[in-house]
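Working notes, beginning with the structure itself.
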Amino acid sequence: MKIAILTGASAGLGKEYFYNLINRSDIDCIWLIARRKDRLEQLAASTDKPCVILPLDLTDDKSFEILKEKLSEQKPEIKILINNAGFGKLGNVDQLSVTDQTDMVRLNCAALTAVTTVCLQFMKKGSFIVNVCSIASFAPNPRMTVYSSTKAYVLSFSKSLRQEVKKRGINVLATCPGPMNTEFLSVANITGNSKTFDILPYCDPKKVAAHSLKQAEKGRAIHTPKLFYKFYRILAKLLPHSFIMKLSKT
Ligand SMILES: NC(=O)c1ccc[n+]([C@@H]2O[C@H](COP(=O)([O-])OP(=O)(O)OC[C@H]3O[C@@H](n4cnc5c(N)ncnc54)[C@H](OP(=O)(O)O)[C@@H]3O)[C@@H](O)[C@H]2O)c1
């Protein structure tokens, strides 16, 4: 049985990945992961494509054991892994709670690493991983210091892992979108509180999902939607981050 595993399936960009996956003939079943079980059930009920619902909190290490056990029992072939679950928080480090900050690291970095490690042994030649990163990975973002640091980890992890699994015929892509109008903005307390987010161009989650899947399948390493953010990525490579941070402060 060929499956796709999607984390953060219950909202925003995750839902758009789900709508792409249900139309794929090379996938027999989709495994959906997020905390809100009712949302996952609604998605599963909306399609004829078989789905497995895994209502897991990925900040809890037990979730990785549950996923590992389920994979060991069923022994599917994972064709596509999409590590999409993630959240951010706006605010200086000394203004945010310890829990918010450590949970960001747990979900955005540790869970992505753990899910990938557990899944890799079930992946074969021709399969691919999409890691949802962000433009925040290109340079540090004051007022989103922890979030941008977690996404820098995701970018570095994705590039390095890609080299490791190339010989197995597996591709790893990091997709680096700019702001998208999803629950992310209210979860992060960004709505109405960030001039930067008010002026930046927004990315369409539908396009981000569809294009990143296409790019991953083509064997690409990084997907940056919109010319504006491609240009920002180059600037962040060329200019000192002490300068870039004047622009990237959220
Ligand atoms: N929106 C943006 O501006 C933006 C820009 C660049 C990158 N991104 C990245 O895009 C990805 C998707 O975000 P989004 O914009 O679609 O935000 P979203 O609408 O808030 O969706 C986040 C998803 O992550 C899941 N999630 C959150 N905490 C979880 C946990 N502890 N365990 C398991 N699942 C959890 C949520 O499901 P439950 O709440 O049901 O658990 C939800 O399905 C994230 O990695 C984010 O960093 C977003």
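Starting from 1 in every chain, residues are counted up; chains themselves are A, B, ... following the order of the structure tokens, and ligands are numbered from 1 as listed.
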Open item on the list: Neighbouring residues of ligand 1 are defined here as those with any atom at most 6 Å from a ligand atom, counting only C-alpha atoms and all ligand atoms; list them as a ChimeraX atom specification.
Closed with: /A:8-14,34-36,56-59,84-87,132-134,177-184
TODO: Looking only at alpha helix (DSSP H) from DSSP on the backbone, list the matching residues of region 23-246 of chain A as a PyMOL selection string.
DONE: chain A and resi 37-45+62-74+98-105+112-120+145-165+184-187+195-199+205-217+227-238+241-246
Written file, previous selection with C-alpha atoms, as a JSON list (two decimals), in the first residue's frame:
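Contents of the output file part20.json:
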[["chain", "number", "residue", "atom", "x", "y", "z"],
["A", 37, "LYS", "CA", -9.69, 15.04, 15.50],
["A", 38, "ASP", "CA", -13.05, 16.49, 14.37],
["A", 39, "ARG", "CA", -11.33, 18.50, 11.61],
["A", 40, "LEU", "CA", -9.43, 15.42, 10.41],
["A", 41, "GLU", "CA", -12.67, 13.39, 10.41],
["A", 42, "GLN", "CA", -14.39, 16.07, 8.31],
["A", 43, "LEU", "CA", -11.57, 15.96, 5.76],
["A", 44, "ALA", "CA", -11.60, 12.17, 5.61],
["A", 45, "ALA", "CA", -15.40, 12.19, 5.14],
["A", 62, "LYS", "CA", 4.68, 9.66, 22.78],
["A", 63, "SER", "CA", 3.18, 10.64, 19.41],
["A", 64, "PHE", "CA", 6.32, 9.47, 17.58],
["A", 65, "GLU", "CA", 6.07, 6.05, 19.27],
["A", 66, "ILE", "CA", 2.41, 5.78, 18.22],
["A", 67, "LEU", "CA", 3.32, 6.65, 14.61],
["A", 68, "LYS", "CA", 6.23, 4.22, 14.64],
["A", 69, "GLU", "CA", 4.04, 1.37, 15.99],
["A", 70, "LYS", "CA", 1.32, 2.01, 13.40],
["A", 71, "LEU", "CA", 3.90, 2.01, 10.58],
["A", 72, "SER", "CA", 5.57, -1.16, 11.90],
["A", 73, "GLU", "CA", 2.17, -2.91, 12.06],
["A", 74, "GLN", "CA", 0.98, -1.90, 8.58],
["A", 98, "VAL", "CA", 8.84, 29.56, 28.15],
["A", 99, "THR", "CA", 6.19, 27.05, 27.04],
["A", 100, "ASP", "CA", 5.40, 28.93, 23.81],
["A", 101, "GLN", "CA", 9.07, 29.09, 22.93],
["A", 102, "THR", "CA", 9.99, 25.51, 23.78],
["A", 103, "ASP", "CA", 6.82, 24.20, 22.09],
["A", 104, "MET", "CA", 7.83, 26.06, 18.91],
["A", 105, "VAL", "CA", 11.19, 24.27, 19.01],
["A", 112, "LEU", "CA", 9.80, 17.35, 12.06],
["A", 113, "THR", "CA", 13.05, 15.51, 12.80],
["A", 114, "ALA", "CA", 11.36, 12.65, 14.65],
["A", 115, "VAL", "CA", 8.58, 12.12, 12.07],
["A", 116, "THR", "CA", 11.15, 12.17, 9.25],
["A", 117, "THR", "CA", 13.42, 9.68, 11.04],
["A", 118, "VAL", "CA", 10.53, 7.29, 11.73],
["A", 119, "CYS", "CA", 9.21, 7.57, 8.16],
["A", 120, "LEU", "CA", 12.49, 7.27, 6.24],
["A", 145, "THR", "CA", 13.44, 35.20, 17.05],
["A", 146, "VAL", "CA", 12.55, 31.66, 18.09],
["A", 147, "TYR", "CA", 10.29, 31.07, 15.09],
["A", 148, "SER", "CA", 12.88, 32.26, 12.56],
["A", 149, "SER", "CA", 15.55, 30.17, 14.31],
["A", 150, "THR", "CA", 13.36, 27.05, 14.07],
["A", 151, "LYS", "CA", 12.85, 27.64, 10.35],
["A", 152, "ALA", "CA", 16.60, 28.15, 9.82],
["A", 153, "TYR", "CA", 16.95, 24.67, 11.35],
["A", 154, "VAL", "CA", 14.31, 23.28, 8.95],
["A", 155, "LEU", "CA", 16.15, 24.71, 5.93],
["A", 156, "SER", "CA", 19.54, 23.44, 7.04],
["A", 157, "PHE", "CA", 18.13, 20.01, 8.01],
["A", 158, "SER", "CA", 16.35, 19.69, 4.66],
["A", 159, "LYS", "CA", 19.41, 20.59, 2.56],
["A", 160, "SER", "CA", 21.69, 18.21, 4.46],
["A", 161, "LEU", "CA", 19.20, 15.33, 4.58],
["A", 162, "ARG", "CA", 18.67, 15.73, 0.82],
["A", 163, "GLN", "CA", 22.35, 14.92, 0.23],
["A", 164, "GLU", "CA", 22.15, 11.88, 2.54],
["A", 165, "VAL", "CA", 19.10, 10.28, 0.89],
["A", 184, "PHE", "CA", -1.11, 30.97, 11.70],
["A", 185, "LEU", "CA", -1.62, 34.76, 11.92],
["A", 186, "SER", "CA", -4.04, 34.62, 14.87],
["A", 187, "VAL", "CA", -2.13, 31.80, 16.63],
["A", 195, "LYS", "CA", 3.51, 46.62, 10.35],
["A", 196, "THR", "CA", 5.84, 44.29, 8.43],
["A", 197, "PHE", "CA", 3.08, 41.68, 7.99],
["A", 198, "ASP", "CA", 0.71, 44.50, 6.90],
["A", 199, "ILE", "CA", 2.94, 45.53, 3.96],
["A", 205, "PRO", "CA", -1.66, 28.53, 0.16],
["A", 206, "LYS", "CA", -3.35, 26.72, -2.78],
["A", 207, "LYS", "CA", -0.46, 27.66, -5.08],
["A", 208, "VAL", "CA", 2.19, 26.98, -2.41],
["A", 209, "ALA", "CA", 0.86, 23.43, -1.91],
["A", 210, "ALA", "CA", 0.49, 22.61, -5.61],
["A", 211, "HIS", "CA", 3.80, 24.14, -6.72],
["A", 212, "SER", "CA", 5.89, 22.75, -3.85],
["A", 213, "LEU", "CA", 4.62, 19.21, -4.58],
["A", 214, "LYS", "CA", 5.52, 19.62, -8.27],
["A", 215, "GLN", "CA", 8.99, 20.98, -7.43],
["A", 216, "ALA", "CA", 9.64, 18.19, -4.90],
["A", 217, "GLU", "CA", 8.69, 15.58, -7.48],
["A", 227, "LEU", "CA", 9.65, 36.77, -7.27],
["A", 228, "PHE", "CA", 9.71, 39.22, -4.35],
["A", 229, "TYR", "CA", 10.79, 36.46, -1.92],
["A", 230, "LYS", "CA", 13.24, 34.89, -4.40],
["A", 231, "PHE", "CA", 14.91, 38.32, -4.50],
["A", 232, "TYR", "CA", 14.83, 38.56, -0.66],
["A", 233, "ARG", "CA", 16.49, 35.12, -0.45],
["A", 234, "ILE", "CA", 19.37, 36.35, -2.65],
["A", 235, "LEU", "CA", 19.68, 39.61, -0.68],
["A", 236, "ALA", "CA", 19.81, 37.66, 2.59],
["A", 237, "LYS", "CA", 22.70, 35.63, 1.18],
["A", 238, "LEU", "CA", 24.62, 38.64, -0.10],
["A", 241, "HIS", "CA", 22.35, 39.98, 8.49],
["A", 242, "SER", "CA", 22.92, 43.02, 10.73],
["A", 243, "PHE", "CA", 21.53, 45.07, 7.80],
["A", 244, "ILE", "CA", 18.88, 42.56, 6.68],
["A", 245, "MET", "CA", 17.44, 42.46, 10.20],
["A", 246, "LYS", "CA", 16.44, 46.13, 9.88]]
Open item on the list: Could you check the closest approach to Tyr17 (chain A) for each of A:Ser248, A:Ile30, A:Asp61, A:Ser46 and tell me which residue wins, using only C-alpha atoms?
Closed with: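 So, comparing all the options, the nearest one is A:Ile30.
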Open item on the list: Rounded to one decimal, what separation in Å do you get between CA of Lys89 (chain A) and CA of Val172 (chain A)?
Closed with: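 That distance, rounded to one decimal, is 26.5 Å.
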Task: Residues of region 138-200 of chain A in strand (DSSP E or B), written as a PyMOL selection string - done: chain A and resi 171-175+180
Atoms to include: C-alpha atoms. Write the selected residues as a PDB file, in the first residue's frame.
ATOM      1  CA  ASN A 171      14.212  13.846  -2.681  1.00  0.00           C
ATOM      2  CA  VAL A 172      13.813  16.400   0.099  1.00  0.00           C
ATOM      3  CA  LEU A 173      12.421  19.851  -0.616  1.00  0.00           C
ATOM      4  CA  ALA A 174      12.069  22.828   1.728  1.00  0.00           C
ATOM      5  CA  THR A 175       9.261  25.164   0.738  1.00  0.00           C
ATOM      6  CA  MET A 180      -0.271  33.330   4.088  1.00  0.00           C
TER       7      MET A 180
END
Task: Interatomic distance, CA of Asp60 (chain A) to CA of Leu32 (chain A) (Å, one decimal) - done: 16.7 Å
Task: Shell around Thr47 (chain A) at 10 Å using only C-alpha atoms, local window under 5 positions removed, as a count of residues only - done: 4
Open item on the list: Measuring between only C-alpha atoms, which one of A:Leu96, A:Cys109, A:Ile5, A:Ile135 shows the shortest distance to Lys79 (chain A)?
Closed with: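 Of all the options, A:Ile5 lies closest to Lys79 (chain A).
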